[in-house]
Amino acid sequence: MEEKSVVKTFLDDIERGKLIGNKCNNCGQIMLPPRKFCLKCGKSNLEEIELTGKGKIDVFTVIYVPLPFMKDKAPYIVAIVEMDEGPKIMGRLIDINPEEPEKIKSGMKVEFRSLEENDKKVVAFKAID
């Protein structure tokens, strides 16, 4: 039986509305998406963890010229979010008008959402109080 890839497992978890990463049992590094080896110490002694889904915006951009498969979605916002547990991940920022980027601030609190996009679920974030 073939081992399921780390990427496939991560995408399956997104489909189920979960953000699953892993934690190194040697140095404590938390990684998202999951890896087979620790990014900090290189060890493979990792455990799967579910992240809270809460974090804050590090940086963002408004996409006006999208890839062809996203052309009907433009403009839209993409952000790099620092999760409360430490790792950073990129995702769509939803429920904020991309024509009003001044309403988005670095440090703004957000929460993970699984967004339906072209028959797949993708990482997205929604602002929270």
# chains A, B, ... in the order shown; residues from 1 in each chain; ligands from 1
call {"tool": "closest_atom_pairs", "arguments": {"of": "region 18-55 of chain A", "to": "region 90-112 of chain A", "cutoff": "8 Å", "atoms": "only C-alpha atoms", "output": "Markdown table"}}
result
| residue | atom | partner | partner_atom | distance |
| --- | --- | --- | --- | --- |
| A:Leu19 | CA | A:Phe112 | CA | 7.8 |
| A:Gly53 | CA | A:Phe112 | CA | 4.7 |
| A:Lys54 | CA | A:Glu111 | CA | 4.5 |
| A:Gly55 | CA | A:Val110 | CA | 5.5 |
call {"tool": "atom_distance", "arguments": {"atom1": "CA of Lys18 (chain A)", "atom2": "CA of Ser114 (chain A)"}}
result
7.8 Å
call {"tool": "closest_residue", "arguments": {"among": "A:Leu32, A:Cys38, A:Asn45, A:Lys23", "to": "Glu82 (chain A)", "atoms": "only C-alpha atoms"}}
result
A:Leu32
call {"tool": "select_by_dssp", "arguments": {"residues": "chain A", "states": "strand (DSSP E or B)", "output": "PyMOL selection string"}}
result
chain A and resi 20-24+30-31+46-50+54-63+76-83+88-94+109-117+120-127
